[in-house]
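Taking it in order: structure first as structure tokens, then the write-up.
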Amino acid sequence: MNVILVFLAAIGAIIIWWLSGQRLTSKPWLETGSVQLPDHHSTERPPVPAVKIGLFVFLGVVGALFSLAVSAYFMRAASADWWAMPVPRLLWVNTAALALSSAALQWAKREAGQGRMENLRPALAAAFVLAVSFLVGQVQAWRESVAAGYVLIDNPANSFFYMLTGLHGLHILGGLAVLAHTTVRAFSTDVAPERLRLSVDLSAIYSHFMLAVWLLLFALFAGWANDFVDLCRTLLN
């Protein structure tokens, strides 16, 4: 339960911090005076698109889902029939691929904001290829684990490994569908950078979030998260 509360508190703090800078805390019903026409030279931020707000709500739900799964992992790991499986070495390569994909999307976000299509296209293509490489690597890590005898029903640790990596992979696959659409649009001859900015921004936010989730899962499988929890319990006691 403590893991769930800490994770949800972190997600809530990030969302509140983000919303505080997006003009969503204004109270127009308290404003007085005549209605003014929009000033194109104004330095105020434009309203936040509804689709971006929806993405943050969705990420909050996804964060809650993974926090529940991680909490169940810790509770089940305390059982006597738990034998942690070794982390496949390929996961290190996969982690690097996902991190580079997220970095490429951040690069694409910057290029889209400056309207440089000649740099935006290779950035999006690199992010897509690296994300696909991550998924292919995850499947290969599954195959290597099964070949080494760590099958799904052998013990609970194996089951959680396949369940958590599979759940994360499905979310990466969903993000890839959006990224593929955005990349195809970027390579169209008649598309303007302004039309791609929001799509690239959303893809970058989603990629960064899923990278953070994967780093948490990787720390879990490697045993680092267990050591951190034990340290916290020692400090609290």
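Quick note on naming: the chains in the structure tokens go A, B, ... in the order shown, residues restart at 1 in each chain, and ligands are numbered from 1 in order of appearance.
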
Which residues are close to Val213 of chain A, i.e. within 12 Å by only C-alpha atoms, leaving aside same-chain residues fewer than 6 positions away? Reply as a ChimeraX atom specification. /A:7,11,59-60,62-67,69-70,95,98-99,164-165,167-169,171-172,206-207,219-220

At a cut-off of 10 Å, using only C-alpha atoms, what residues contact Ala108 of chain A? Leave out same-chain residues fewer than 2 positions from it and give the result as a PDB file with all heavy atoms, in the first residue's frame.
ATOM      1  N   SER A 102      13.557   7.878 -26.654  1.00  0.00           N
ATOM      2  CA  SER A 102      12.993   9.016 -25.940  1.00  0.00           C
ATOM      3  C   SER A 102      13.795  10.283 -26.210  1.00  0.00           C
ATOM      4  O   SER A 102      13.228  11.369 -26.393  1.00  0.00           O
ATOM      5  CB  SER A 102      12.956   8.711 -24.437  1.00  0.00           C
ATOM      6  OG  SER A 102      12.323   9.736 -23.715  1.00  0.00           O
ATOM      7  N   ALA A 103      15.122  10.151 -26.257  1.00  0.00           N
ATOM      8  CA  ALA A 103      15.970  11.311 -26.553  1.00  0.00           C
ATOM      9  C   ALA A 103      15.734  11.813 -27.973  1.00  0.00           C
ATOM     10  O   ALA A 103      15.718  13.030 -28.228  1.00  0.00           O
ATOM     11  CB  ALA A 103      17.438  10.943 -26.357  1.00  0.00           C
ATOM     12  N   ALA A 104      15.543  10.894 -28.917  1.00  0.00           N
ATOM     13  CA  ALA A 104      15.275  11.287 -30.301  1.00  0.00           C
ATOM     14  C   ALA A 104      13.948  12.040 -30.411  1.00  0.00           C
ATOM     15  O   ALA A 104      13.831  12.995 -31.186  1.00  0.00           O
ATOM     16  CB  ALA A 104      15.272  10.057 -31.208  1.00  0.00           C
ATOM     17  N   LEU A 105      12.961  11.622 -29.636  1.00  0.00           N
ATOM     18  CA  LEU A 105      11.681  12.333 -29.655  1.00  0.00           C
ATOM     19  C   LEU A 105      11.805  13.718 -29.033  1.00  0.00           C
ATOM     20  O   LEU A 105      11.132  14.665 -29.461  1.00  0.00           O
ATOM     21  CB  LEU A 105      10.611  11.517 -28.924  1.00  0.00           C
ATOM     22  CG  LEU A 105       9.864  10.521 -29.801  1.00  0.00           C
ATOM     23  CD1 LEU A 105       8.956   9.632 -28.956  1.00  0.00           C
ATOM     24  CD2 LEU A 105       9.054  11.248 -30.860  1.00  0.00           C
ATOM     25  N   GLN A 106      12.649  13.861 -28.029  1.00  0.00           N
ATOM     26  CA  GLN A 106      12.893  15.188 -27.473  1.00  0.00           C
ATOM     27  C   GLN A 106      13.571  16.084 -28.506  1.00  0.00           C
ATOM     28  O   GLN A 106      13.272  17.278 -28.618  1.00  0.00           O
ATOM     29  CB  GLN A 106      13.760  15.069 -26.217  1.00  0.00           C
ATOM     30  CG  GLN A 106      13.957  16.367 -25.463  1.00  0.00           C
ATOM     31  CD  GLN A 106      12.652  16.942 -24.935  1.00  0.00           C
ATOM     32  OE1 GLN A 106      11.738  16.200 -24.597  1.00  0.00           O
ATOM     33  NE2 GLN A 106      12.579  18.265 -24.859  1.00  0.00           N
ATOM     34  N   ARG A 110      12.004  19.574 -30.293  1.00  0.00           N
ATOM     35  CA  ARG A 110      12.712  20.849 -30.453  1.00  0.00           C
ATOM     36  C   ARG A 110      12.731  21.293 -31.915  1.00  0.00           C
ATOM     37  O   ARG A 110      12.502  22.476 -32.215  1.00  0.00           O
ATOM     38  CB  ARG A 110      14.151  20.706 -29.937  1.00  0.00           C
ATOM     39  CG  ARG A 110      14.952  22.011 -29.987  1.00  0.00           C
ATOM     40  CD  ARG A 110      16.377  21.779 -29.563  1.00  0.00           C
ATOM     41  NE  ARG A 110      17.047  20.828 -30.456  1.00  0.00           N
ATOM     42  CZ  ARG A 110      18.273  20.353 -30.259  1.00  0.00           C
ATOM     43  NH1 ARG A 110      18.941  20.697 -29.171  1.00  0.00           N
ATOM     44  NH2 ARG A 110      18.811  19.518 -31.118  1.00  0.00           N
ATOM     45  N   GLU A 111      12.972  20.363 -32.823  1.00  0.00           N
ATOM     46  CA  GLU A 111      13.007  20.718 -34.239  1.00  0.00           C
ATOM     47  C   GLU A 111      11.631  21.126 -34.750  1.00  0.00           C
ATOM     48  O   GLU A 111      11.509  22.037 -35.565  1.00  0.00           O
ATOM     49  CB  GLU A 111      13.539  19.528 -35.060  1.00  0.00           C
ATOM     50  CG  GLU A 111      14.944  19.094 -34.702  1.00  0.00           C
ATOM     51  CD  GLU A 111      15.966  20.201 -34.828  1.00  0.00           C
ATOM     52  OE1 GLU A 111      15.822  21.035 -35.747  1.00  0.00           O
ATOM     53  OE2 GLU A 111      16.902  20.250 -34.011  1.00  0.00           O
ATOM     54  N   ALA A 112      10.584  20.456 -34.267  1.00  0.00           N
ATOM     55  CA  ALA A 112       9.226  20.831 -34.675  1.00  0.00           C
ATOM     56  C   ALA A 112       8.881  22.220 -34.177  1.00  0.00           C
ATOM     57  O   ALA A 112       8.216  22.998 -34.876  1.00  0.00           O
ATOM     58  CB  ALA A 112       8.220  19.813 -34.145  1.00  0.00           C
ATOM     59  N   GLY A 113       9.321  22.561 -32.969  1.00  0.00           N
ATOM     60  CA  GLY A 113       9.052  23.892 -32.431  1.00  0.00           C
ATOM     61  C   GLY A 113       9.734  24.982 -33.220  1.00  0.00           C
ATOM     62  O   GLY A 113       9.230  26.117 -33.276  1.00  0.00           O
ATOM     63  N   GLN A 114      10.857  24.677 -33.842  1.00  0.00           N
ATOM     64  CA  GLN A 114      11.584  25.663 -34.636  1.00  0.00           C
ATOM     65  C   GLN A 114      11.297  25.551 -36.125  1.00  0.00           C
ATOM     66  O   GLN A 114      11.868  26.297 -36.919  1.00  0.00           O
ATOM     67  CB  GLN A 114      13.090  25.520 -34.378  1.00  0.00           C
ATOM     68  CG  GLN A 114      13.465  25.802 -32.921  1.00  0.00           C
ATOM     69  CD  GLN A 114      14.949  25.633 -32.657  1.00  0.00           C
ATOM     70  OE1 GLN A 114      15.712  25.272 -33.553  1.00  0.00           O
ATOM     71  NE2 GLN A 114      15.366  25.883 -31.430  1.00  0.00           N
ATOM     72  N   ARG A 116      11.988  23.159 -38.321  1.00  0.00           N
ATOM     73  CA  ARG A 116      13.042  22.610 -39.172  1.00  0.00           C
ATOM     74  C   ARG A 116      12.676  21.197 -39.585  1.00  0.00           C
ATOM     75  O   ARG A 116      13.011  20.218 -38.915  1.00  0.00           O
ATOM     76  CB  ARG A 116      14.382  22.646 -38.430  1.00  0.00           C
ATOM     77  CG  ARG A 116      14.886  24.054 -38.129  1.00  0.00           C
ATOM     78  CD  ARG A 116      16.374  24.028 -37.811  1.00  0.00           C
ATOM     79  NE  ARG A 116      16.622  23.382 -36.545  1.00  0.00           N
ATOM     80  CZ  ARG A 116      17.015  24.034 -35.441  1.00  0.00           C
ATOM     81  NH1 ARG A 116      17.164  25.345 -35.475  1.00  0.00           N
ATOM     82  NH2 ARG A 116      17.242  23.380 -34.314  1.00  0.00           N
ATOM     83  N   MET A 117      11.984  21.080 -40.708  1.00  0.00           N
ATOM     84  CA  MET A 117      11.521  19.789 -41.182  1.00  0.00           C
ATOM     85  C   MET A 117      12.673  18.879 -41.592  1.00  0.00           C
ATOM     86  O   MET A 117      12.579  17.654 -41.481  1.00  0.00           O
ATOM     87  CB  MET A 117      10.574  19.984 -42.371  1.00  0.00           C
ATOM     88  CG  MET A 117       9.277  20.697 -42.031  1.00  0.00           C
ATOM     89  SD  MET A 117       8.248  19.715 -40.906  1.00  0.00           S
ATOM     90  CE  MET A 117       7.843  18.327 -41.950  1.00  0.00           C
ATOM     91  N   ASN A 119      15.375  18.368 -40.127  1.00  0.00           N
ATOM     92  CA  ASN A 119      15.865  17.656 -38.951  1.00  0.00           C
ATOM     93  C   ASN A 119      14.772  16.874 -38.233  1.00  0.00           C
ATOM     94  O   ASN A 119      15.063  15.898 -37.542  1.00  0.00           O
ATOM     95  CB  ASN A 119      16.515  18.632 -37.966  1.00  0.00           C
ATOM     96  CG  ASN A 119      17.769  19.277 -38.522  1.00  0.00           C
ATOM     97  OD1 ASN A 119      18.448  18.706 -39.377  1.00  0.00           O
ATOM     98  ND2 ASN A 119      18.079  20.470 -38.052  1.00  0.00           N
ATOM     99  N   LEU A 120      13.535  17.335 -38.398  1.00  0.00           N
ATOM    100  CA  LEU A 120      12.428  16.665 -37.734  1.00  0.00           C
ATOM    101  C   LEU A 120      12.224  15.254 -38.274  1.00  0.00           C
ATOM    102  O   LEU A 120      12.002  14.313 -37.500  1.00  0.00           O
ATOM    103  CB  LEU A 120      11.143  17.491 -37.911  1.00  0.00           C
ATOM    104  CG  LEU A 120       9.843  16.851 -37.407  1.00  0.00           C
ATOM    105  CD1 LEU A 120       9.924  16.595 -35.906  1.00  0.00           C
ATOM    106  CD2 LEU A 120       8.647  17.731 -37.739  1.00  0.00           C
ATOM    107  N   ARG A 121      12.305  15.101 -39.576  1.00  0.00           N
ATOM    108  CA  ARG A 121      12.038  13.790 -40.182  1.00  0.00           C
ATOM    109  C   ARG A 121      13.021  12.712 -39.700  1.00  0.00           C
ATOM    110  O   ARG A 121      12.592  11.639 -39.272  1.00  0.00           O
ATOM    111  CB  ARG A 121      12.071  13.916 -41.704  1.00  0.00           C
ATOM    112  CG  ARG A 121      10.931  14.774 -42.275  1.00  0.00           C
ATOM    113  CD  ARG A 121      10.919  14.725 -43.792  1.00  0.00           C
ATOM    114  NE  ARG A 121       9.845  15.518 -44.348  1.00  0.00           N
ATOM    115  CZ  ARG A 121       9.991  16.743 -44.866  1.00  0.00           C
ATOM    116  NH1 ARG A 121      11.202  17.284 -44.900  1.00  0.00           N
ATOM    117  NH2 ARG A 121       8.961  17.390 -45.344  1.00  0.00           N
ATOM    118  N   PRO A 122      14.335  12.945 -39.752  1.00  0.00           N
ATOM    119  CA  PRO A 122      15.244  11.893 -39.254  1.00  0.00           C
ATOM    120  C   PRO A 122      15.109  11.643 -37.756  1.00  0.00           C
ATOM    121  O   PRO A 122      15.317  10.513 -37.294  1.00  0.00           O
ATOM    122  CB  PRO A 122      16.639  12.430 -39.606  1.00  0.00           C
ATOM    123  CG  PRO A 122      16.462  13.886 -39.818  1.00  0.00           C
ATOM    124  CD  PRO A 122      15.087  14.063 -40.351  1.00  0.00           C
ATOM    125  N   ALA A 123      14.735  12.676 -36.999  1.00  0.00           N
ATOM    126  CA  ALA A 123      14.553  12.486 -35.555  1.00  0.00           C
ATOM    127  C   ALA A 123      13.380  11.560 -35.278  1.00  0.00           C
ATOM    128  O   ALA A 123      13.468  10.653 -34.436  1.00  0.00           O
ATOM    129  CB  ALA A 123      14.337  13.837 -34.871  1.00  0.00           C
ATOM    130  N   LEU A 124      12.274  11.774 -35.983  1.00  0.00           N
ATOM    131  CA  LEU A 124      11.107  10.913 -35.807  1.00  0.00           C
ATOM    132  C   LEU A 124      11.401   9.486 -36.286  1.00  0.00           C
ATOM    133  O   LEU A 124      10.998   8.516 -35.636  1.00  0.00           O
ATOM    134  CB  LEU A 124       9.909  11.488 -36.569  1.00  0.00           C
ATOM    135  CG  LEU A 124       9.259  12.738 -35.983  1.00  0.00           C
ATOM    136  CD1 LEU A 124       8.182  13.269 -36.923  1.00  0.00           C
ATOM    137  CD2 LEU A 124       8.670  12.460 -34.612  1.00  0.00           C
ATOM    138  N   ALA A 125      12.084   9.379 -37.415  1.00  0.00           N
ATOM    139  CA  ALA A 125      12.412   8.050 -37.935  1.00  0.00           C
ATOM    140  C   ALA A 125      13.323   7.296 -36.963  1.00  0.00           C
ATOM    141  O   ALA A 125      13.133   6.097 -36.721  1.00  0.00           O
ATOM    142  CB  ALA A 125      13.075   8.182 -39.306  1.00  0.00           C
ATOM    143  N   ALA A 126      14.295   7.991 -36.387  1.00  0.00           N
ATOM    144  CA  ALA A 126      15.195   7.348 -35.435  1.00  0.00           C
ATOM    145  C   ALA A 126      14.442   6.897 -34.195  1.00  0.00           C
ATOM    146  O   ALA A 126      14.671   5.788 -33.674  1.00  0.00           O
ATOM    147  CB  ALA A 126      16.320   8.310 -35.058  1.00  0.00           C
ATOM    148  N   ALA A 127      13.536   7.753 -33.700  1.00  0.00           N
ATOM    149  CA  ALA A 127      12.753   7.390 -32.513  1.00  0.00           C
ATOM    150  C   ALA A 127      11.899   6.158 -32.782  1.00  0.00           C
ATOM    151  O   ALA A 127      11.792   5.264 -31.930  1.00  0.00           O
ATOM    152  CB  ALA A 127      11.866   8.567 -32.095  1.00  0.00           C
ATOM    153  N   ARG A 197       3.447  19.849 -34.524  1.00  0.00           N
ATOM    154  CA  ARG A 197       4.011  20.179 -33.208  1.00  0.00           C
ATOM    155  C   ARG A 197       3.286  19.466 -32.084  1.00  0.00           C
ATOM    156  O   ARG A 197       3.909  18.894 -31.189  1.00  0.00           O
ATOM    157  CB  ARG A 197       3.965  21.689 -32.986  1.00  0.00           C
ATOM    158  CG  ARG A 197       5.001  22.451 -33.797  1.00  0.00           C
ATOM    159  CD  ARG A 197       4.834  23.939 -33.646  1.00  0.00           C
ATOM    160  NE  ARG A 197       5.765  24.653 -34.525  1.00  0.00           N
ATOM    161  CZ  ARG A 197       5.718  25.948 -34.739  1.00  0.00           C
ATOM    162  NH1 ARG A 197       4.781  26.686 -34.148  1.00  0.00           N
ATOM    163  NH2 ARG A 197       6.595  26.520 -35.549  1.00  0.00           N
ATOM    164  N   VAL A 200       3.952  15.623 -32.144  1.00  0.00           N
ATOM    165  CA  VAL A 200       5.311  15.315 -31.694  1.00  0.00           C
ATOM    166  C   VAL A 200       5.423  15.535 -30.188  1.00  0.00           C
ATOM    167  O   VAL A 200       6.051  14.742 -29.476  1.00  0.00           O
ATOM    168  CB  VAL A 200       6.330  16.182 -32.456  1.00  0.00           C
ATOM    169  CG1 VAL A 200       7.733  15.985 -31.888  1.00  0.00           C
ATOM    170  CG2 VAL A 200       6.321  15.841 -33.940  1.00  0.00           C
ATOM    171  N   ASP A 201       4.812  16.601 -29.699  1.00  0.00           N
ATOM    172  CA  ASP A 201       4.845  16.896 -28.265  1.00  0.00           C
ATOM    173  C   ASP A 201       4.192  15.776 -27.464  1.00  0.00           C
ATOM    174  O   ASP A 201       4.736  15.307 -26.448  1.00  0.00           O
ATOM    175  CB  ASP A 201       4.131  18.226 -28.004  1.00  0.00           C
ATOM    176  CG  ASP A 201       4.317  18.699 -26.572  1.00  0.00           C
ATOM    177  OD1 ASP A 201       5.269  18.248 -25.903  1.00  0.00           O
ATOM    178  OD2 ASP A 201       3.503  19.527 -26.116  1.00  0.00           O
ATOM    179  N   SER A 203       3.748  12.642 -28.396  1.00  0.00           N
ATOM    180  CA  SER A 203       4.564  11.428 -28.504  1.00  0.00           C
ATOM    181  C   SER A 203       5.769  11.497 -27.581  1.00  0.00           C
ATOM    182  O   SER A 203       6.154  10.488 -26.967  1.00  0.00           O
ATOM    183  CB  SER A 203       5.021  11.235 -29.954  1.00  0.00           C
ATOM    184  OG  SER A 203       3.923  10.986 -30.815  1.00  0.00           O
ATOM    185  N   ALA A 204       6.369  12.680 -27.464  1.00  0.00           N
ATOM    186  CA  ALA A 204       7.532  12.831 -26.590  1.00  0.00           C
ATOM    187  C   ALA A 204       7.141  12.645 -25.124  1.00  0.00           C
ATOM    188  O   ALA A 204       7.840  11.962 -24.362  1.00  0.00           O
ATOM    189  CB  ALA A 204       8.169  14.205 -26.803  1.00  0.00           C
TER     190      ALA A 204
END

For each of A:Ala97, A:Ala141, A:Leu202, A:Asp154, take the minimum atom-to-atom distance to Phe58 of chain A, counting only C-alpha atoms, then give the residue where this is smallest.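 Ranked by minimum distance to Phe58 of chain A, first place goes to A:Leu202.
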
Tell me, which residues of segment 15-199 of chain A carry DSSP alpha helix (DSSP H), written as a ChimeraX atom specification? /A:15-20,50-77,90-113,117-147,156-186,193-199
